[in-house]
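**Student:** Provided herewith is a single structure, encoded as structure tokens, for subsequent inquiry.
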Amino acid sequence: MSRINKNVILALLTLTSSAFLLFQLYYYKHYLSTKNGAGLSKSKGSRIGFDSTQWRAVKKFIMLTSSQNVPVFLIDPLILELINKNFEQVKNTSHGSTSECTFFCVPRDFTAFALQYHLWKIEEGWFRIAENMGFQCLKIESKDPRLDGIDSLSGTEIPLHYICKLAAHAIHLVVFHERSGNYLWHGHLRLKGHIDRKFVPFRKLQFGRYPGAFDRPELQQVAVDGLEVLIPKDPVHFVEEIPHSRFIECRYKEARAFFQQYLDDNTVEAMTFRKNAKELLQVAAKTLNKLGVQFWLSSGTCLGWYRQCNIIPYSKDVDLGIFIQDYKSDIILAFQDAGLPLKHKFGKVEDSLELSFQGKDDVKLDIFFFYEETDHMWNGGTQAKTGKKFKYLFPKFTLCWTEFVDMKVHVPCETIEYIEANYGKTWKIPVKTWDWKHSPPNVQPNGIWPISEWDEVIQLY
Amino acid sequence: MDDWKPNPLIKPFGARKKRSWYLTWKYKLTNQRALRRFCQTGAVLFLLVTVIVNIKLILDTRRAISEANEDPAPEQDYDEALGRLEPPRRRGSGPRRVLDVEVYSSRSKVYVAVDGTTVLEDEAREQGRGIHVIVLNQATGHVMAKRVFDTYSPHEDEAMVLFLNMVAPGRVLICTVKDEGSFHLKDTAKALLRSLGSQAGPALGWRDTWAFVGRKGGPVLGEKHSKSPALSSWGDPVLLKTDVPLSSAEEAECHWADTELNRRRRRFCSKVEGYGSVCSCKDPTPIEFSPDPLPDNKVLNVPVAVIAGNRPNYLYRMLRSLLSAQGVSPQMITVFIDGYYEEPMDVVALFGLRGIQHTPISIKNARVSQHYKASLTATFNLFPEAKFAVVLEEDLDIAVDFFSFLSQSIHLLEEDDSLYCISAWNDQGYEHTAEDPALLYRVETMPGLGWVLRKSLYKEELEPKWPTPEKLWDWDMWMRMPEQRRGRECIIPDVSRSYHFGIVGLNMNGYFHEAYFKKHKFNTVPGVQLRNVDSLKKEAYEVEIHSLLSEAEVLDHSKNPCEDSFLPDTEGHTYVAFIRMEKDDDFTTWTQLAKCLHIWDLDVRGNHRGLWRLFRKKNHFLVVGVPASPYSVKKPPSVTPIFLEPPPKEEGAPGAPEQT
């Protein structure tokens with residue numbers, strides 16, 4: 001009897017567990033399919049995959065934006081790369097004749113579009129229409145950083161991101177705002193308290209982890225999987241910009257506090273210097289950008305940006321940094337052509353290279369070349385009279401975009417470490433007498449140039 | 001596994017034969033040890049798989065949730081909502097349907113408290129004279145409007161009548177007098193007060209105190225009045241305490257169709273009062289205008305900065321006219337409000353425009369000046385691609401062809417370095433001195449009141465040296481200084497494209513407005529084609545002036561220029577008169593002439609190298625200052641320039657703008 005009971009129990013257990021398992025399997029499959037879209041269930045016939053959730057969501061979204069005159073263009077890196085690889089297919093197919101869904105049906109969580117906010121005429125209402133079309137939309141707003149630089153203005157909030165979900169696929173609409181310096185800016189996607197954190201897998205978003213800055217792209221109209229969309233004319237350049245697009249805002253609030261403490265210098269000389277330095281920086285930026293040489297604000301110019309969001313009027317020069325691997329021999333010539341003759345050249349490409357160019361009205365442009373070691377970066381200095389070499393050490397850093405005197409320029413992302421290395425913990429206090437050989441806390445004597453090399457490594461003009 | 005074979009018996013057995021199937025199983029199981037073992041293992045395996053799948057499922061779900069949670073991280077300090085004015089709290093927990101209202105009126109102090117919350121308190125000296133009016137929402141008790149009408153001064157009662165007429169029926173009205181409110185309270189206003197049911201209002205006398213609470217179009221809820229015993233003294237202070245029953249929310253709201261526009265309208269109308277038909281339930285005035293677009297609009301992408309203070313009714317009127325102008329692009333408009341005022345912001349939101357508030361920094365003129373600077377900087381930041389900005393003020397009406405006028409002339413700013421601005425306002429363009437809407441002038445003064453600023457001028461010259469807050473300067477006076485203007489000129493039309501209607505302002509009062517602004521000519525003709533725009537460029541304009549002077553008829557200089565007969569009764573002629581002007585800055589005769597012509601005479605406006613151009617009796621009338629003007633060469637030798645003696649200096653000459 002006991003044996004029978006045991007068997008009955010065993011059989012029952014098996015039954016329930018298999019029933020349970022079946023349910024689990026069913027549920028798991030369902031779960032998987034919502035995650036990856038309905039890509040698994042392909043329809044037969046000539047138009048392959050055109051019923052995928054992704055494609056349908058994109059199609060609806062494009063219908064919405066074209067009917068509501070929302071000026072959008074495609075910025076999804078995944079799709080742009082695919083488009084770039086199969087560019088002929090995109091160019092040659094006329095509307096509707098595609099037989100296979102090659103781009104928009106690729107399994108993914110999001111499709112990213114950019115909204116050119118300055119071209120947008122009617123902001124109102126489209127949200128409601130999107131919701132009527134079946135989209136579930138989320139709007140992320142924030143205050144306008146373009147007003148931050150101005151004392152005590154507070155405006156209505158500007159939209160930064162829209163996320164519109166249709167079934168299992170979401171459209172991430174990144175709002176691109178125009179900024180001074182001819183570039184487009186997008187904001188940080190910050191989830192405020194009341195936002196549903198499970199609305200979409202936010203972590204997988206391609207844009208919005210940081211604010212970003214992009215060159216204003218030229219656009220072109222293409223037909224992708226039978227849908228007319230605008231994409232950047234140079235999709236490769238745009239995709240390449242994405243990983244390096246992180247933007248940091250100047251610390252306007254702190255800068256204001258600084259000026260309350262130390263008062264701004266509004267003398268005619270200070271204003272003239274600022275104007276000249278700004279023009280010099282503009283010329284330098286234009287020249288280097290044309291050569292494709294990456295540079296960043298260094299030393300005093302960087303300190304001016306970080307501490308007071310402006311050029312320090314008594315700094316007397318403009319300082320830029322360039323990685324030595326970006327050095328090109330035609331830099332000197334290009335600057336000469338731009339009206340900035342070489343003033344002096346210290347060091348050589350292998351060691352402690354530094355270039356100085358003469359700008360208008362005695363404003364000097366100093367370019368320091370940075371050398372990378374395993375755990376730090378450094379740039380060199382040379383004393384012309386004695387041939388003494390100096391070394392300035394910096395912790396390693398990466399580059400971020402920022403806006404400075406109406407220009408989009410690079411600064412070290414790890415700005416505070418960079419500045420503290422160069423100026424110490426007391427960088428907040430203005431110092432007018434600065435000896436570049438002894439004052440910086442990160443300076444080290446680095447021997448002396450052999451006299452035989454002086455002709456090469458100390459060139460004064 | 002090897003010893004197991006599919007049991008052929010299983011399949012044929014249906015559910016109906018469950019019993020026998022089970023028995024077979026039982027039989028088999030009890031008899032086949034190996035199979036039994038196998039089943040046991042199978043069951044255990046099943047269980048294991050189930051558990052694994054389960055765990056995986058749980059883990060997956062958890063990961064997905066945590067991913068969504070982790071990043072981007074919210075910041076705590078982010079939501080800093082500005083404290084909005086709380087509605088007067090109702091006492092007790094239940095829905096109380098009565099407000100208790102206290103109103104105080106006296107010589108030096110007025111206050112109004114609703115349910116213990118002070119909504120008005122004014123005991124400042126030399127300020128707030130007249131009748132204070134407060135409008136409450138009859139359903140919520142919210143303060144919807146707060147006004148003071150200085151009915152001691154002329155025309156303020158008209159403004160009060162206008163305002164009270166606009167208040168929707170059913171609203172709760174509260175009135176209280178501070179100091180004096182009867183001197184210029186005319187019959188129309190008194191009749192209106194009577195129609196509201198007031199007993200004492202229509203009989204309000206010199207220095208009486210008066211407090212009133214009533215429902216518009218409904219019963220009076222309380223009134224107190226104290227007569228002044230003598231001319232030199234005031235009535236006793238009165239304190240009125242009364243209960244105001246609240247009505248239901250449905251009664252207080254209109255039933256407009258559910259559209260985006262009406263949603264804006266509803267939000268606006270439930271908050272503020274005194275905007276007339278925009279909140280009318282039956283036939284509300286439109287808030288979207290869609291004027292005709294301009295063909296080839298050159299100013300479509302030029303940002304428009306509207307500089308505003310706390311004069312929401314003015315702003316409302318201004319934005320209406322601006323949005324009705326042909327060629328306007330609403331998304332280019334930004335309204336800059338000087339201070340954290342809610343009502344102007346509500347007006348901006350009503351029209352769906354962008355509004356920016358500015359924390360006040362300095363006092364009086366310097367404050368206006370700092371507000372201008374911040375607004376201009378912000379405008380060029382918000383529209384980094386713009387080369388120009390249109391600057392408007394909240395007390396201007398905008399002509400229907402304002403943008404058409406700018407579209408036709410803006411290229412001059414680009415092509416001619418000797419230009420400082422384009423302005424829509426002619427300082428000397430009065431009803432009797434302006435005639436030709438197609439005509440433009442070059443003038444050495446900067447009129448403001450609707451003008452275009454070049455970005456390069458602002459960014460490179462003005463912004464860096466803009467007067468700092470401690471310098472208490474007027475921004476416009478500063479801009480007119482030779483250090484800033486540097487000999488450059490502005491383009492203006494003969495007939496202004498803006499109209500200055502503000503009578504309450506920093507440098508404004510009713511008298512001043514009537515004398516200098518009310519009779520200003522304002523173009524109402526749409527689509528005026530400007531004549532010969534390129535002749536406004538520096539050299540071309542000189543050629544133009546010389547030919548104009550050559551063909552002009554010289555007036556009879558023996559006549560009195562102030563007399564109407566100085567100009568013949570003709571039409572369409574060009575006349576010239578020569579006046580004495582010893583040096584570039586000698587405007588003695590001009591000022592006297594301006595005074596008797598009843599045009600702007602407070603300082604010199606509208607001159608171009610010692611030449612003034614205006615219209616008299618439909619004739620073009622040129623005035624040349626001799627010998628300072630280079631056009632003096634056109635004076636026939638026989639003509640003696642007119643000289644007018646300034647009147648002997650008197651203290652407090654009429655016409656000087658009073659600083660309030």
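Residues are named by chain letter and number: chains run A, B, ... in the order of the structure tokens, numbers start at 1 in each chain, and ligands are numbered from 1 in the order shown.
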Please identify the helix (DSSP H, G or I) residues within range 456-590 of chain B (assignment by DSSP from backbone atoms) and present them as a PyMOL selection string.
**Tutor:** chain B and resi 456-465+475-480+482-485+510-516+533-536+538-551+564-566+588-590
**Student:** Chain A near chain B within 8 Å: what's each residue's closest atom pair and its distance in Å to one decimal, counting only C-alpha atoms, ordered by chain then ascending residue number, as JSON lines?
**Tutor:**
{"residue": "A:Ile4", "atom": "CA", "partner": "B:Thr30", "partner_atom": "CA", "distance": 7.7}
{"residue": "A:Asn7", "atom": "CA", "partner": "B:Leu29", "partner_atom": "CA", "distance": 7.8}
{"residue": "A:Leu10", "atom": "CA", "partner": "B:Gln40", "partner_atom": "CA", "distance": 7.0}
{"residue": "A:Ala11", "atom": "CA", "partner": "B:Ala43", "partner_atom": "CA", "distance": 8.0}
{"residue": "A:Leu13", "atom": "CA", "partner": "B:Ala43", "partner_atom": "CA", "distance": 7.2}
{"residue": "A:Thr14", "atom": "CA", "partner": "B:Ala43", "partner_atom": "CA", "distance": 4.9}
{"residue": "A:Ser17", "atom": "CA", "partner": "B:Leu47", "partner_atom": "CA", "distance": 5.9}
{"residue": "A:Ser18", "atom": "CA", "partner": "B:Phe46", "partner_atom": "CA", "distance": 6.4}
{"residue": "A:Phe20", "atom": "CA", "partner": "B:Thr50", "partner_atom": "CA", "distance": 7.3}
{"residue": "A:Leu21", "atom": "CA", "partner": "B:Thr50", "partner_atom": "CA", "distance": 5.3}
{"residue": "A:Gln24", "atom": "CA", "partner": "B:Val53", "partner_atom": "CA", "distance": 7.2}
{"residue": "A:Leu25", "atom": "CA", "partner": "B:Val53", "partner_atom": "CA", "distance": 7.9}
{"residue": "A:Tyr28", "atom": "CA", "partner": "B:Leu57", "partner_atom": "CA", "distance": 7.1}
{"residue": "A:Lys121", "atom": "CA", "partner": "B:Gln331", "partner_atom": "CA", "distance": 6.2}
{"residue": "A:Ile122", "atom": "CA", "partner": "B:Gln331", "partner_atom": "CA", "distance": 7.9}
{"residue": "A:Glu124", "atom": "CA", "partner": "B:Glu260", "partner_atom": "CA", "distance": 7.5}
{"residue": "A:Gly125", "atom": "CA", "partner": "B:Glu260", "partner_atom": "CA", "distance": 6.6}
{"residue": "A:Arg146", "atom": "CA", "partner": "B:Asn381", "partner_atom": "CA", "distance": 5.8}
{"residue": "A:Leu147", "atom": "CA", "partner": "B:Ala378", "partner_atom": "CA", "distance": 6.0}
{"residue": "A:Ile150", "atom": "CA", "partner": "B:Ala374", "partner_atom": "CA", "distance": 6.2}
{"residue": "A:Asp151", "atom": "CA", "partner": "B:Ala374", "partner_atom": "CA", "distance": 7.1}
{"residue": "A:Ser152", "atom": "CA", "partner": "B:Thr359", "partner_atom": "CA", "distance": 5.2}
{"residue": "A:Leu153", "atom": "CA", "partner": "B:His358", "partner_atom": "CA", "distance": 4.5}
{"residue": "A:Ser154", "atom": "CA", "partner": "B:Gln357", "partner_atom": "CA", "distance": 5.1}
{"residue": "A:Gly155", "atom": "CA", "partner": "B:Ile356", "partner_atom": "CA", "distance": 3.9}
{"residue": "A:Thr156", "atom": "CA", "partner": "B:Gly355", "partner_atom": "CA", "distance": 6.2}
{"residue": "A:Glu178", "atom": "CA", "partner": "B:Pro384", "partner_atom": "CA", "distance": 6.7}
{"residue": "A:Arg179", "atom": "CA", "partner": "B:Pro384", "partner_atom": "CA", "distance": 5.7}
{"residue": "A:Ser180", "atom": "CA", "partner": "B:Pro384", "partner_atom": "CA", "distance": 4.7}
{"residue": "A:Gly181", "atom": "CA", "partner": "B:Pro384", "partner_atom": "CA", "distance": 7.4}
{"residue": "A:Asn182", "atom": "CA", "partner": "B:Pro384", "partner_atom": "CA", "distance": 7.3}
{"residue": "A:Leu189", "atom": "CA", "partner": "B:Pro72", "partner_atom": "CA", "distance": 6.7}
{"residue": "A:Arg190", "atom": "CA", "partner": "B:Pro74", "partner_atom": "CA", "distance": 5.7}
{"residue": "A:Leu191", "atom": "CA", "partner": "B:Pro74", "partner_atom": "CA", "distance": 5.1}
{"residue": "A:Lys192", "atom": "CA", "partner": "B:Pro74", "partner_atom": "CA", "distance": 5.5}
{"residue": "A:Gly193", "atom": "CA", "partner": "B:Pro74", "partner_atom": "CA", "distance": 7.0}
{"residue": "A:Arg197", "atom": "CA", "partner": "B:Ala68", "partner_atom": "CA", "distance": 5.3}
{"residue": "A:Lys198", "atom": "CA", "partner": "B:Ala68", "partner_atom": "CA", "distance": 5.4}
{"residue": "A:Phe199", "atom": "CA", "partner": "B:Ala68", "partner_atom": "CA", "distance": 8.0}
{"residue": "A:Val200", "atom": "CA", "partner": "B:Ala68", "partner_atom": "CA", "distance": 7.1}
{"residue": "A:Pro201", "atom": "CA", "partner": "B:Ala68", "partner_atom": "CA", "distance": 5.0}
{"residue": "A:Phe202", "atom": "CA", "partner": "B:Ala68", "partner_atom": "CA", "distance": 5.4}
{"residue": "A:Arg203", "atom": "CA", "partner": "B:Asp71", "partner_atom": "CA", "distance": 6.0}
{"residue": "A:Arg209", "atom": "CA", "partner": "B:Pro72", "partner_atom": "CA", "distance": 6.4}
{"residue": "A:Asn266", "atom": "CA", "partner": "B:Lys465", "partner_atom": "CA", "distance": 7.4}
{"residue": "A:Met271", "atom": "CA", "partner": "B:Pro464", "partner_atom": "CA", "distance": 7.0}
**Student:** How about saving the chosen residues, C-alpha atoms kept, as a PDB file, in the first residue's frame?
**Tutor:**
ATOM      1  CA  ILE A   4       1.321   2.509  -4.302  1.00  0.00           C
ATOM      2  CA  ASN A   7       3.862   6.034  -6.866  1.00  0.00           C
ATOM      3  CA  LEU A  10       5.232  10.666  -7.737  1.00  0.00           C
ATOM      4  CA  ALA A  11       2.897  10.610 -10.705  1.00  0.00           C
ATOM      5  CA  LEU A  13       4.104  15.469  -8.796  1.00  0.00           C
ATOM      6  CA  THR A  14       5.285  14.732 -12.311  1.00  0.00           C
ATOM      7  CA  SER A  17       5.469  19.870 -12.506  1.00  0.00           C
ATOM      8  CA  SER A  18       5.140  19.248 -16.240  1.00  0.00           C
ATOM      9  CA  PHE A  20       3.935  24.038 -14.514  1.00  0.00           C
ATOM     10  CA  LEU A  21       6.858  23.679 -16.862  1.00  0.00           C
ATOM     11  CA  GLN A  24       6.701  28.482 -17.740  1.00  0.00           C
ATOM     12  CA  LEU A  25       7.862  27.720 -21.237  1.00  0.00           C
ATOM     13  CA  TYR A  28       9.115  32.575 -21.243  1.00  0.00           C
ATOM     14  CA  LYS A 121       6.913  75.816 -35.825  1.00  0.00           C
ATOM     15  CA  ILE A 122       4.074  74.280 -33.890  1.00  0.00           C
ATOM     16  CA  GLU A 124       1.674  72.151 -29.321  1.00  0.00           C
ATOM     17  CA  GLY A 125      -0.640  69.327 -30.043  1.00  0.00           C
ATOM     18  CA  ARG A 146      21.526  78.994 -22.965  1.00  0.00           C
ATOM     19  CA  LEU A 147      20.015  81.209 -20.310  1.00  0.00           C
ATOM     20  CA  ILE A 150      22.920  85.290 -17.980  1.00  0.00           C
ATOM     21  CA  ASP A 151      22.376  86.578 -14.547  1.00  0.00           C
ATOM     22  CA  SER A 152      19.072  85.656 -13.009  1.00  0.00           C
ATOM     23  CA  LEU A 153      16.949  84.664 -15.974  1.00  0.00           C
ATOM     24  CA  SER A 154      14.485  81.867 -15.668  1.00  0.00           C
ATOM     25  CA  GLY A 155      12.538  80.735 -18.624  1.00  0.00           C
ATOM     26  CA  THR A 156       9.970  78.194 -19.460  1.00  0.00           C
ATOM     27  CA  GLU A 178      21.040  75.491 -31.609  1.00  0.00           C
ATOM     28  CA  ARG A 179      23.826  77.030 -29.603  1.00  0.00           C
ATOM     29  CA  SER A 180      26.181  79.940 -30.129  1.00  0.00           C
ATOM     30  CA  GLY A 181      29.165  78.559 -31.964  1.00  0.00           C
ATOM     31  CA  ASN A 182      27.276  76.946 -34.809  1.00  0.00           C
ATOM     32  CA  LEU A 189      18.252  62.483 -20.037  1.00  0.00           C
ATOM     33  CA  ARG A 190      17.528  62.814 -16.381  1.00  0.00           C
ATOM     34  CA  LEU A 191      14.654  60.892 -14.877  1.00  0.00           C
ATOM     35  CA  LYS A 192      12.761  62.964 -12.424  1.00  0.00           C
ATOM     36  CA  GLY A 193      10.987  61.464  -9.459  1.00  0.00           C
ATOM     37  CA  ARG A 197      11.637  53.805 -14.618  1.00  0.00           C
ATOM     38  CA  LYS A 198      10.382  50.704 -16.376  1.00  0.00           C
ATOM     39  CA  PHE A 199       8.841  52.616 -19.253  1.00  0.00           C
ATOM     40  CA  VAL A 200      11.692  51.539 -21.516  1.00  0.00           C
ATOM     41  CA  PRO A 201      15.144  50.114 -20.772  1.00  0.00           C
ATOM     42  CA  PHE A 202      16.647  53.581 -20.393  1.00  0.00           C
ATOM     43  CA  ARG A 203      20.078  52.168 -19.986  1.00  0.00           C
ATOM     44  CA  ARG A 209      23.661  59.634 -20.795  1.00  0.00           C
ATOM     45  CA  ASN A 266      35.791  96.295 -17.154  1.00  0.00           C
ATOM     46  CA  MET A 271      37.935  94.634 -22.882  1.00  0.00           C
TER      47      MET A 271
END
**Student:** Excluding same-chain residues fewer than 6 positions from range 58-64 of chain A, what lies within 9 Å of it counting only C-alpha atoms, as a ChimeraX atom specification?
**Tutor:** /A:70,72,104,111,126,129-130,133,135,164,166,169-171,227-229
**Student:** Excluding His161 in chain A and any residue of its chain fewer than 4 positions from it, enumerate the residues within 10 Å of it, using only C-alpha atoms, and give them as a list in words.
**Tutor:**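 Listing them by chain and then by number gives Ala114, Leu115, Leu138, Lys139, Ile140, Glu141, Ser142, His172, Leu173, Val174, Val175, Phe176, His186, Gly187, His188, Leu189, Arg190, Phe207 and Gly208 of chain A.
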**Student:** Taking all heavy atoms for each residue, export the selection above as a compact mmCIF listing (two decimals), in the first residue's frame.
**Tutor:**
# COMPACT_ATOMS: atom_id res chain seq x y z
N ALA A 114 16.62 62.73 -34.34
CA ALA A 114 16.91 64.05 -33.76
C ALA A 114 15.83 65.01 -34.22
O ALA A 114 15.35 64.94 -35.35
CB ALA A 114 18.26 64.55 -34.22
N LEU A 115 15.46 65.91 -33.33
CA LEU A 115 14.48 66.94 -33.65
C LEU A 115 15.21 68.28 -33.70
O LEU A 115 15.86 68.67 -32.74
CB LEU A 115 13.41 66.97 -32.55
CG LEU A 115 12.47 68.16 -32.54
CD1 LEU A 115 11.54 68.13 -33.74
CD2 LEU A 115 11.64 68.19 -31.28
N LEU A 138 6.73 59.95 -23.54
CA LEU A 138 7.33 60.49 -22.33
C LEU A 138 8.11 61.72 -22.77
O LEU A 138 8.80 61.69 -23.78
CB LEU A 138 8.29 59.45 -21.76
CG LEU A 138 8.98 59.76 -20.47
CD1 LEU A 138 7.98 59.56 -19.34
CD2 LEU A 138 10.14 58.79 -20.28
N LYS A 139 7.96 62.81 -22.02
CA LYS A 139 8.65 64.03 -22.41
C LYS A 139 9.59 64.41 -21.27
O LYS A 139 9.18 64.40 -20.12
CB LYS A 139 7.61 65.12 -22.63
CG LYS A 139 8.15 66.47 -23.02
CD LYS A 139 6.99 67.45 -23.17
CE LYS A 139 7.40 68.82 -23.64
NZ LYS A 139 6.24 69.70 -23.76
N ILE A 140 10.81 64.67 -21.60
CA ILE A 140 11.75 65.09 -20.56
C ILE A 140 12.17 66.52 -20.82
O ILE A 140 12.66 66.86 -21.90
CB ILE A 140 12.95 64.13 -20.48
CG1 ILE A 140 12.44 62.86 -19.79
CG2 ILE A 140 14.08 64.72 -19.66
CD1 ILE A 140 13.07 61.64 -20.22
N GLU A 141 11.91 67.35 -19.83
CA GLU A 141 12.16 68.78 -19.99
C GLU A 141 13.21 69.23 -19.00
O GLU A 141 13.43 68.59 -17.98
CB GLU A 141 10.89 69.56 -19.70
CG GLU A 141 9.88 69.53 -20.80
CD GLU A 141 8.69 70.40 -20.47
OE1 GLU A 141 8.10 70.19 -19.39
OE2 GLU A 141 8.36 71.27 -21.27
N SER A 142 13.80 70.36 -19.29
CA SER A 142 14.72 70.93 -18.33
C SER A 142 14.86 72.41 -18.62
O SER A 142 14.37 72.89 -19.63
CB SER A 142 16.07 70.25 -18.42
OG SER A 142 16.92 70.78 -17.44
N HIS A 172 13.25 57.09 -29.80
CA HIS A 172 13.88 58.07 -28.93
C HIS A 172 14.13 59.32 -29.75
O HIS A 172 14.94 59.32 -30.67
CB HIS A 172 15.20 57.50 -28.39
CG HIS A 172 15.93 58.45 -27.49
ND1 HIS A 172 17.25 58.33 -27.19
CD2 HIS A 172 15.49 59.54 -26.82
CE1 HIS A 172 17.60 59.31 -26.38
NE2 HIS A 172 16.56 60.06 -26.16
N LEU A 173 13.39 60.36 -29.43
CA LEU A 173 13.52 61.60 -30.18
C LEU A 173 14.38 62.56 -29.34
O LEU A 173 13.96 63.05 -28.30
CB LEU A 173 12.13 62.18 -30.44
CG LEU A 173 12.06 63.44 -31.32
CD1 LEU A 173 12.70 63.19 -32.66
CD2 LEU A 173 10.61 63.85 -31.51
N VAL A 174 15.59 62.78 -29.83
CA VAL A 174 16.53 63.63 -29.10
C VAL A 174 16.36 65.06 -29.63
O VAL A 174 16.45 65.29 -30.83
CB VAL A 174 17.98 63.17 -29.34
CG1 VAL A 174 18.95 63.96 -28.48
CG2 VAL A 174 18.11 61.69 -29.08
N VAL A 175 16.10 66.00 -28.73
CA VAL A 175 15.86 67.37 -29.19
C VAL A 175 17.20 68.09 -29.33
O VAL A 175 17.95 68.22 -28.36
CB VAL A 175 14.94 68.12 -28.22
CG1 VAL A 175 14.58 69.47 -28.79
CG2 VAL A 175 13.69 67.31 -27.96
N PHE A 176 17.50 68.51 -30.54
CA PHE A 176 18.75 69.22 -30.80
C PHE A 176 18.47 70.72 -30.78
O PHE A 176 17.65 71.21 -31.54
CB PHE A 176 19.33 68.81 -32.16
CG PHE A 176 20.15 67.56 -32.12
CD1 PHE A 176 19.79 66.51 -31.29
CD2 PHE A 176 21.28 67.42 -32.91
CE1 PHE A 176 20.55 65.35 -31.25
CE2 PHE A 176 22.05 66.26 -32.88
CZ PHE A 176 21.68 65.22 -32.04
N HIS A 186 22.36 68.61 -27.34
CA HIS A 186 21.23 67.91 -26.73
C HIS A 186 21.51 67.71 -25.25
O HIS A 186 22.66 67.69 -24.81
CB HIS A 186 20.92 66.59 -27.44
CG HIS A 186 21.92 65.50 -27.18
ND1 HIS A 186 21.96 64.81 -25.99
CD2 HIS A 186 22.90 64.98 -27.94
CE1 HIS A 186 22.93 63.92 -26.02
NE2 HIS A 186 23.53 64.00 -27.20
N GLY A 187 20.45 67.58 -24.50
CA GLY A 187 20.57 67.57 -23.05
C GLY A 187 20.75 66.18 -22.47
O GLY A 187 20.71 65.17 -23.16
N HIS A 188 20.94 66.16 -21.19
CA HIS A 188 21.09 64.96 -20.39
C HIS A 188 19.70 64.38 -20.11
O HIS A 188 18.81 65.12 -19.73
CB HIS A 188 21.80 65.37 -19.08
CG HIS A 188 21.99 64.25 -18.12
ND1 HIS A 188 22.36 64.49 -16.83
CD2 HIS A 188 21.89 62.93 -18.26
CE1 HIS A 188 22.46 63.33 -16.21
NE2 HIS A 188 22.19 62.38 -17.05
N LEU A 189 19.55 63.09 -20.31
CA LEU A 189 18.25 62.48 -20.04
C LEU A 189 18.21 62.12 -18.56
O LEU A 189 18.80 61.14 -18.13
CB LEU A 189 18.07 61.23 -20.90
CG LEU A 189 16.64 60.73 -21.05
CD1 LEU A 189 16.52 59.94 -22.33
CD2 LEU A 189 16.16 59.90 -19.91
N ARG A 190 17.56 62.97 -17.83
CA ARG A 190 17.53 62.81 -16.38
C ARG A 190 16.12 62.42 -15.99
O ARG A 190 15.17 63.10 -16.34
CB ARG A 190 17.82 64.18 -15.77
CG ARG A 190 18.76 64.13 -14.63
CD ARG A 190 19.02 65.55 -14.21
NE ARG A 190 20.42 65.86 -14.29
CZ ARG A 190 20.88 67.10 -14.17
NH1 ARG A 190 20.06 68.10 -14.02
NH2 ARG A 190 22.17 67.31 -14.20
N PHE A 207 21.64 57.93 -26.68
CA PHE A 207 21.86 59.35 -26.45
C PHE A 207 21.27 59.72 -25.09
O PHE A 207 20.29 59.13 -24.67
CB PHE A 207 21.17 60.19 -27.53
CG PHE A 207 21.72 59.99 -28.91
CD1 PHE A 207 21.25 58.98 -29.72
CD2 PHE A 207 22.74 60.80 -29.37
CE1 PHE A 207 21.76 58.77 -30.98
CE2 PHE A 207 23.27 60.61 -30.64
CZ PHE A 207 22.78 59.59 -31.45
N GLY A 208 21.86 60.68 -24.44
CA GLY A 208 21.24 61.21 -23.24
C GLY A 208 21.95 60.86 -21.95
O GLY A 208 21.63 61.40 -20.90
**Student:** So which bits of range 471-620 of chain B end up strand (DSSP E) when you DSSP the backbone, as a list of chain:residue names?
**Tutor:**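 DSSP on the backbone gives strand (DSSP E) at B:Glu489, B:Cys490, B:Ile491, B:Ile492, B:Pro493, B:Ser498, B:Tyr499, B:His500, B:Glu553, B:Val554, B:Thr574, B:Tyr575, B:Val576, B:Ala577, B:Phe578, B:Ile579, B:Arg580, B:Met581, B:Asn607, B:His608, B:Leu611, B:Trp612, B:Arg613, B:Leu614, B:Phe615, B:Arg616, B:Asn619, B:His620.
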**Student:** Neighbouring residues of Leu611 in chain B were defined as those with any atom within 9 Å, considering only C-alpha atoms; residues of the same chain fewer than 6 positions away were excluded. Please report them as JSON, numbers by chain.
**Tutor:** {"B": [622, 623, 624, 625, 629, 631]}
**Student:** Quick one: pull the distance between CA of Glu156 in chain B and CA of Gly217 in chain B, Å, one decimal.
**Tutor:**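 These atoms are spaced 22.5 Å apart.
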**Student:** Please provide the set of residues having any atom within 12 Å of Glu253 in chain B, restricted to only C-alpha atoms, with same-chain residues fewer than 2 positions apart removed, written as a ChimeraX atom specification.
**Tutor:** /B:137-140,168-171,247-251,255-256,265-271,279-282
